Structures are given as C-alpha cells and as structure tokens.
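Data first, discussion second: the structure below is written as structure tokens.
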Amino acid sequence: MDDVLDTEEADRHSGTAGPPAFRAAVDALRSSRLRPQVEVEPTPPPQRLAPHAYALEAVVVDGEQELADGRLVLLHDPAGHDAWRGTFRLVTLVRAELEPEMAADPLLPEVCWSWLTGALQARGLGYGEPSGTITRASSHYFGGLAERPAASQIEIRASWTPREGLGGVPDTASHLASWCDLLAQVAGLPPAGPGDASVVTLPQRRGPQSR
C-alpha cells in the first residue's frame with residue numbers, strides 16, 4: 001500500500017496524473033524551450049490550494065553567479081473557482097537583490113508590477129483577475145557583522161488566470177516564457193528579443209551572489 005501511495009504522490013508532483021486538460025498544460029510547461037540563463041526544474045507543489053497542482057522553480061544565472069530566483073505554480077480545479085473566474089490559475093514568487101538606492105525609490109512597487117503585466121502583454125497573452133504584492137526589505141548589519149554592506153531585496157508575489165484555449169487548455173508554455181522574461185528583467189539581464197517599451201528596465205542591481 002505504501003508503494004502505491006508513493007507512486008500516486010510522485011505522479012501528482014510530476015503532473016502525469018489528473019484530467020486531460022491539466023496533463024496537457026503540464027506537458028507544455030515541461031517541453032518549453034527557454035533562454036539559457038534561466039535554469040528551471042520541477043519542485044513539489046503546494047498542497048490543498050487546488051485539486052491539481054504542478055510547480056517549477058528557477059534561478060537566473062550568469063556563469064557561477066545567481067542573479068534572481070523564483071517559483072511558478074500551476075493550479076487546476078476542473079469545477080472552476082469563483083475567485084479565479086476559470087479553471088486554471090498561475091501563482092508566482094520572484095526575488096532579487098537591489099542596490100539600497102534603487103530599493104528606496106518610491107515608484108519601485110509600481111515599476112515592478114509593470115514588469116509582470118508588461119511581460120504578459122509583450123507576448124500577447126490573455127489573462128484575467130491579476131492580483132499580487134510587491135515587498136521590499138532592507139538588512140543592516142551591526143557588531144560582528146558590521147563589515148557587511150547593507151542589503152535590499154525585492155519580492156514579487158502575484159497570481160493571474162490564464163485564458164483557456166482549445167480543449168480548455170491555456171497556453172502555459174507562453175506564460176512560462178513570459179515569467180522567465182520577468183525573472184530576467186528583475187535580474188537585470190537584457191531582453192532576449194524585442195520588448196515592450198512601456199516596461200522599465202531595472203538599473204543598479206546589487207552584485208550577484210556566488211553559487
């Protein structure tokens with residue numbers, strides 16, 4: 001019995017279980033080709049948020065240095081969800097370190113939100129019911145840690161409902177590509193292709209961390 005339960009749990013984490021629409025959406029995520037600086041791999045999804053879930057985690061790298069990291073979760077409820085206004089939902093967390101001067105910019109939250117919506121709009125993706133929070137935090141060190149420079153971090157938590165296409169399946173591959181565009185922009189990388197002129201590029205990000 002334990003072996004059966006372990007297999008079912010592994011299938012749930014891998015996205016190979018669930019209704020056809022969910023499996024098709026997961027297959028599109030797993031087969032996506034992304035820019036090489038963004039390393040993506042599956043991770044166990046959160047439980048109890050939806051009947052079916054699949055999660056990815058990513059790190060933006062430059063050589064041996066990590067510039068930003070994040071997590072993207074695909075949720076699916078075949079019965080639909082009133083708050084989502086659909087049967088699928090994408091949930092994300094993106095983090096990166098900033099120079100303290102940039103973190104103090106009063107317009108930073110609005111700019112960060114424009115990175116997310118601009119990444120989706122630049123690929124012509126339909127979505128609805130977006131929501132999220134932008135958090136900035138600063139750390140100052142004292143005593144035995146006083147030699148460390150002050151550190152500031154930006155954190156984007158957001159969710160949105162991808163529009164469903166044929167067979168009730170959203171274009172998850174394009175949403176993943178847009179999410180990677182967001183990660184790259186937060187990391188301070190140049191765009192991979194023609195971008196949205198309304199999206200502001202992040203200047204003066206803190207030096208990357210060694211892996």
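Residue names in the structure tokens use chain letters A, B, ... in the order shown, residue numbers from 1 in each chain, and ligand numbers from 1 in the order shown.
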
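When the distance limit is 12 Å and only C-alpha atoms are what count, the residues near segment 79-86 of chain A, minus those fewer than 5 positions from it on the same chain, are A:Pro19, A:Leu49, A:Ala50, A:Pro51, A:His52, A:Val91, A:Tyr127, A:Gly128, A:Glu129, A:Pro130, A:Ser131, A:Ser159, A:Trp160, A:Thr161, A:Pro162, A:Arg163, A:Glu164, A:Gly165, A:Gly168, A:Val169, A:Pro170.
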
Report task. Show which residues sit within 10 Å of segment 135-147 of chain A, as a list in words. Count only C-alpha atoms, and ignore same-chain residues fewer than 2 positions away. Result ->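 Result of the neighbour search: Arg95, Ala96, Glu97, Leu98, Glu99, Pro100, Ala103, Ala104, Leu108, Pro109, Cys112, Gly132, Thr133, Pro149, Ala150, Ala151, Ser152, Gln153, Ile154, Glu155, Ile156 and Arg157 of chain A.
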
Query raised in the report: How many Å lie between atom CA of Ser31 of chain A and atom CA of Leu67 of chain A, rounded to one decimal?
Result: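 Between atom CA of Ser31 of chain A and atom CA of Leu67 of chain A the gap is 24.2 Å.
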
Report task. From the DSSP assignment of the backbone, select every residue of segment 25-188 of chain A that is helix (DSSP H, G or I), and format the answer as number ranges by chain. Result -> A: 25-30, 100-103, 108-122, 143-145, 166-168, 172-187

Report task. Mind giving me the straight-line distance from atom CA of Pro46 of chain A to atom CA of Leu72 of chain A in Å, one decimal? Result ->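 Separating atom CA of Pro46 of chain A from atom CA of Leu72 of chain A is a distance of 10.8 Å.
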
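Interatomic distance, atom CA of Glu41 of chain A to atom CA of Leu56 of chain A: 5.6 Å.
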
Query raised in the report: What are the DSSP strand (DSSP E) residues of chain A, as a PyMOL selection string?
Result: chain A and resi 38-43+52-62+65-81+86-98+127-139+151-162+209-210
